[in-house]
$ cat start.cif   # mmCIF, C-alpha atoms
data_structure
loop_
_atom_site.label_atom_id
_atom_site.label_comp_id
_atom_site.auth_asym_id
_atom_site.auth_seq_id
_atom_site.Cartn_x
_atom_site.Cartn_y
_atom_site.Cartn_z
CA MET A 1 -30.42 -61.59 -102.57
CA ILE A 2 -31.28 -58.26 -100.97
CA ASP A 3 -27.61 -57.32 -101.37
CA ILE A 4 -27.83 -57.75 -105.13
CA VAL A 5 -31.04 -55.71 -105.32
CA GLY A 6 -29.46 -52.90 -103.30
CA GLY A 7 -26.30 -52.94 -105.41
CA VAL A 8 -28.31 -52.82 -108.63
CA LEU A 9 -30.30 -49.88 -107.23
CA VAL A 10 -27.06 -48.04 -106.38
CA LEU A 11 -25.71 -48.70 -109.88
CA ASN A 12 -29.02 -47.47 -111.32
CA GLY A 13 -28.67 -44.22 -109.37
CA ALA A 14 -25.12 -43.77 -110.66
CA LEU A 15 -26.34 -44.35 -114.23
CA LEU A 16 -29.03 -41.68 -113.75
CA ALA A 17 -26.33 -39.27 -112.55
CA LEU A 18 -24.38 -40.10 -115.71
CA LEU A 19 -27.53 -39.34 -117.72
CA ALA A 20 -27.75 -35.93 -116.01
CA ALA A 21 -24.11 -35.21 -116.82
CA VAL A 22 -24.54 -36.22 -120.47
CA GLY A 23 -27.58 -33.95 -120.65
CA VAL A 24 -25.63 -31.04 -119.21
CA LEU A 25 -22.88 -31.66 -121.74
CA ARG A 26 -25.04 -32.21 -124.83
CA LEU A 27 -28.15 -30.03 -124.57
CA PRO A 28 -28.12 -26.74 -126.45
CA ASP A 29 -28.82 -23.92 -123.97
CA VAL A 30 -28.74 -23.20 -120.26
CA PHE A 31 -32.44 -23.76 -119.56
CA THR A 32 -32.59 -27.21 -121.17
CA ARG A 33 -29.36 -28.13 -119.40
CA MET A 34 -30.94 -27.17 -116.11
CA GLN A 35 -33.96 -29.35 -116.93
CA SER A 36 -31.75 -32.41 -117.44
CA SER A 37 -29.61 -31.67 -114.39
CA THR A 38 -32.39 -31.28 -111.84
CA LYS A 39 -34.65 -34.14 -112.92
CA ALA A 40 -32.08 -36.84 -113.42
CA SER A 41 -29.98 -35.89 -110.41
CA THR A 42 -32.90 -35.89 -107.99
CA LEU A 43 -34.04 -39.34 -109.13
CA GLY A 44 -30.47 -40.59 -109.24
CA LEU A 45 -29.70 -39.57 -105.69
CA GLY A 46 -33.04 -41.05 -104.60
CA CYS A 47 -32.06 -44.40 -106.13
CA LEU A 48 -28.62 -44.24 -104.50
CA LEU A 49 -30.15 -43.62 -101.07
CA GLY A 50 -32.75 -46.36 -101.60
CA GLY A 51 -30.00 -48.83 -102.45
CA LEU A 52 -28.04 -47.74 -99.38
CA VAL A 53 -31.04 -48.33 -97.14
CA LEU A 54 -31.59 -51.78 -98.66
CA LEU A 55 -27.93 -52.66 -98.08
CA HIS A 56 -27.83 -51.41 -94.48
CA PRO A 57 -31.34 -51.54 -92.98
CA SER A 58 -30.58 -50.03 -89.58
CA THR A 59 -32.00 -46.96 -87.82
CA GLU A 60 -28.90 -44.80 -88.17
CA PHE A 61 -28.73 -45.28 -91.94
CA VAL A 62 -32.47 -44.88 -92.53
CA ILE A 63 -32.75 -41.62 -90.59
CA ARG A 64 -29.74 -40.04 -92.27
CA ALA A 65 -30.69 -41.24 -95.76
CA ALA A 66 -34.24 -39.92 -95.36
CA SER A 67 -32.98 -36.53 -94.22
CA ILE A 68 -30.55 -36.30 -97.15
CA ALA A 69 -33.33 -37.23 -99.60
CA ALA A 70 -35.75 -34.71 -98.10
CA PHE A 71 -33.15 -31.96 -98.12
CA ILE A 72 -32.09 -32.61 -101.73
CA MET A 73 -35.68 -32.78 -102.96
CA LEU A 74 -36.43 -29.47 -101.22
CA THR A 75 -33.37 -27.54 -102.34
CA VAL A 76 -32.70 -28.69 -105.90
CA PRO A 77 -35.83 -27.03 -107.39
CA VAL A 78 -35.15 -23.86 -105.39
CA SER A 79 -31.58 -23.56 -106.61
CA ALA A 80 -32.61 -24.36 -110.20
CA HIS A 81 -35.23 -21.62 -110.03
CA VAL A 82 -32.72 -19.10 -108.68
CA ILE A 83 -30.18 -19.92 -111.42
CA ALA A 84 -32.87 -19.81 -114.12
CA ARG A 85 -34.05 -16.40 -112.95
CA ALA A 86 -30.50 -15.07 -112.90
CA ALA A 87 -29.86 -16.44 -116.40
CA ALA A 88 -33.09 -14.94 -117.74
CA ARG A 89 -32.38 -11.55 -116.18
CA THR A 90 -28.90 -11.40 -117.62
CA GLY A 91 -30.20 -12.35 -121.08
CA ALA A 92 -28.75 -15.80 -121.56
CA PRO A 93 -29.00 -16.90 -125.22
CA LEU A 94 -31.81 -19.31 -126.10
CA TRP A 95 -31.59 -22.33 -128.38
CA ILE A 96 -32.12 -21.47 -132.04
CA GLY A 97 -35.15 -23.78 -132.24
CA THR A 98 -37.02 -22.14 -129.34
CA THR A 99 -40.55 -21.26 -130.45
CA VAL A 100 -41.99 -19.43 -127.41
CA ASP A 101 -40.06 -16.86 -125.40
CA GLU A 102 -42.22 -15.55 -122.60
CA ARG A 103 -39.65 -13.17 -121.21
CA PRO A 104 -40.86 -9.56 -121.39
CA ILE A 105 -39.33 -7.61 -124.24
CA GLU A 106 -38.33 -4.54 -122.23
CA GLU A 107 -37.76 -5.30 -118.58
CA SER A 108 -37.41 -2.10 -116.59
CA GLU A 109 -34.45 -1.66 -114.33
CA ASP A 110 -36.32 -1.50 -111.01
CA SER A 111 -38.60 -4.50 -111.53
CA GLY A 112 -38.07 -5.98 -108.13
CA ARG A 113 -34.44 -6.97 -108.03
CA THR A 114 -34.82 -8.66 -104.68
CA LEU A 115 -33.66 -12.17 -104.04
CA MET B 1 -20.82 -59.41 -106.60
CA LEU B 2 -21.88 -56.50 -104.42
CA LYS B 3 -18.32 -55.17 -104.43
CA VAL B 4 -18.26 -55.25 -108.22
CA LEU B 5 -21.57 -53.36 -108.39
CA LEU B 6 -20.36 -50.67 -105.98
CA LEU B 7 -17.06 -50.29 -107.83
CA ALA B 8 -18.93 -50.00 -111.13
CA SER B 9 -21.17 -47.28 -109.73
CA LEU B 10 -18.11 -45.39 -108.45
CA ALA B 11 -16.62 -45.60 -111.96
CA VAL B 12 -19.86 -44.34 -113.53
CA LEU B 13 -20.00 -41.43 -111.07
CA ALA B 14 -16.37 -40.56 -111.83
CA SER B 15 -16.99 -40.53 -115.58
CA SER B 16 -20.00 -38.26 -115.15
CA ALA B 17 -17.83 -35.92 -113.07
CA LEU B 18 -15.37 -35.83 -115.98
CA LEU B 19 -18.16 -34.90 -118.41
CA LEU B 20 -19.26 -32.12 -116.05
CA LEU B 21 -15.69 -30.86 -115.81
CA LYS B 22 -15.69 -30.55 -119.60
CA ARG B 23 -18.84 -28.42 -119.40
CA ILE B 24 -17.36 -26.26 -116.63
CA VAL B 25 -14.26 -25.57 -118.72
CA ALA B 26 -16.09 -25.10 -122.03
CA GLY B 27 -19.37 -23.52 -120.86
CA PRO B 28 -20.04 -20.52 -123.07
CA THR B 29 -21.78 -18.40 -120.42
CA LEU B 30 -21.53 -18.07 -116.67
CA PRO B 31 -24.96 -19.66 -115.88
CA ASP B 32 -23.86 -22.83 -117.73
CA ARG B 33 -20.93 -23.15 -115.38
CA VAL B 34 -23.15 -22.52 -112.36
CA VAL B 35 -25.52 -25.32 -113.44
CA ALA B 36 -22.58 -27.70 -113.88
CA ILE B 37 -21.11 -26.79 -110.48
CA ASP B 38 -24.50 -27.34 -108.83
CA LEU B 39 -24.74 -30.82 -110.36
CA MET B 40 -21.14 -31.47 -109.28
CA GLY B 41 -22.16 -30.88 -105.64
CA ILE B 42 -24.94 -33.46 -105.96
CA LEU B 43 -22.46 -35.88 -107.55
CA ILE B 44 -20.10 -35.46 -104.60
CA VAL B 45 -22.97 -36.33 -102.25
CA GLY B 46 -23.50 -39.44 -104.40
CA PHE B 47 -19.83 -40.40 -104.06
CA VAL B 48 -20.07 -40.13 -100.27
CA VAL B 49 -23.28 -42.20 -100.21
CA VAL B 50 -21.62 -44.97 -102.24
CA GLY B 51 -18.67 -44.82 -99.85
CA ALA B 52 -21.02 -45.27 -96.91
CA ALA B 53 -22.65 -48.24 -98.65
CA ALA B 54 -19.26 -49.82 -99.32
CA THR B 55 -17.76 -49.37 -95.85
CA GLY B 56 -20.91 -49.79 -93.79
CA SER B 57 -20.13 -46.76 -91.62
CA TYR B 58 -22.87 -44.18 -91.16
CA TYR B 59 -20.54 -41.32 -90.27
CA PHE B 60 -20.14 -40.70 -94.00
CA LEU B 61 -23.81 -39.74 -94.22
CA ASP B 62 -23.33 -36.83 -91.78
CA ILE B 63 -20.64 -35.54 -94.12
CA ALA B 64 -23.03 -35.95 -97.05
CA ILE B 65 -25.66 -33.84 -95.25
CA VAL B 66 -23.14 -31.06 -94.63
CA ILE B 67 -21.93 -31.13 -98.25
CA ALA B 68 -25.52 -30.89 -99.52
CA LEU B 69 -26.19 -27.87 -97.26
CA ILE B 70 -23.04 -26.02 -98.29
CA SER B 71 -23.61 -26.81 -101.98
CA PHE B 72 -27.10 -25.26 -101.83
CA VAL B 73 -25.86 -22.08 -100.15
CA GLY B 74 -23.00 -21.86 -102.64
CA THR B 75 -25.35 -22.22 -105.60
CA VAL B 76 -27.60 -19.44 -104.34
CA ALA B 77 -24.55 -17.22 -103.84
CA TYR B 78 -23.33 -17.97 -107.38
CA ALA B 79 -26.76 -17.13 -108.80
CA ARG B 80 -26.75 -13.84 -106.91
CA TYR B 81 -23.32 -13.12 -108.34
CA VAL B 82 -24.53 -13.84 -111.87
CA GLU B 83 -27.55 -11.62 -111.34
CA MET B 84 -25.44 -8.71 -110.14
CA GLY B 85 -23.48 -8.80 -113.36
CA GLY B 86 -20.72 -11.33 -112.86
CA ALA B 87 -17.22 -10.27 -113.82
CA GLU B 88 -18.54 -7.70 -116.32
CA GLN B 89 -18.47 -10.16 -119.20
CA GLU B 90 -18.75 -8.85 -122.77
#

$ encode --input "start.cif" --output "structure tokens"
Amino acid sequence: MIDIVGGVLVLNGALLALLAAVGVLRLPDVFTRMQSSTKASTLGLGCLLGGLVLLHPSTEFVIRAASIAAFIMLTVPVSAHVIARAAARTGAPLWIGTTVDERPIEESEDSGRTL
Amino acid sequence: MLKVLLLASLAVLASSALLLLKRIVAGPTLPDRVVAIDLMGILIVGFVVVGAAATGSYYFLDIAIVIALISFVGTVAYARYVEMGGAEQE
């Protein structure tokens, strides 16, 4: 029984990863694509690791799965922020239906280009 | 039953990698490609996790940790490259 639950959880995580990929393919501009990618992939990998732990409930698996989950949940927002800032600085085009653009009109050249 | 579920999730992960490959090839700007490559790294970690679940060997998870680390560093490097101007596009 617990095997079936774990397998269904793994399949659920894979379906969430597919949702992230479809979002990256279908959404209109780079910022919305990043939204889909980070949210769905974090939850999808969390479901995959949860299913793995249910399938193999031993210390080695639990420690490694928890460290992967913690690392992914720490680094995915950071990397999304870094890419979004790079895209905004280089003037990536926005979707035609965007109503609010809070980027400054005239960003000076020396406005803190430090990573 | 469990084997069928794991095989189905591998197939779903493979099809999402194909969709991402389409975005990497077609992506109109460089940041689009960087987003797709970042998600591809997470998908590869997912492949390795499903492999660990199927074989029952926890050595795969060490590899998944290393891939996640290197993918993060690579994404930050790509973003830095985009910010410095890329390959002088347009």

$ resolve_selection --input "start.cif" --expression "the PyMOL selection byres ((chain B) within 8 of (chain A))" --output "ChimeraX atom specification"
/B:1-2,5-6,8-10,12-13,15-17,19-20,22-23,29,31-32,34-36,39,42-43,46,49-50,52-53,56,58,61-62,64-65,68,72,75-76,79-80,82-83,85

$ closest_residue --input "start.cif" --among "B:Phe60, B:Val48, B:Ala54, B:Gly41" --to "B:Val73" --atoms "all atoms listed in the file"
B:Gly41

$ atom_distance --input "start.cif" --atom1 "atom CA of B:Val4" --atom2 "atom CA of A:Leu43"
22.4 Å

$ atom_distance --input "start.cif" --atom1 "atom CA of B:Val45" --atom2 "atom CA of B:Ile67"
6.6 Å

$ atom_distance --input "start.cif" --atom1 "atom CA of A:Glu102" --atom2 "atom CA of B:Pro28"
22.7 Å
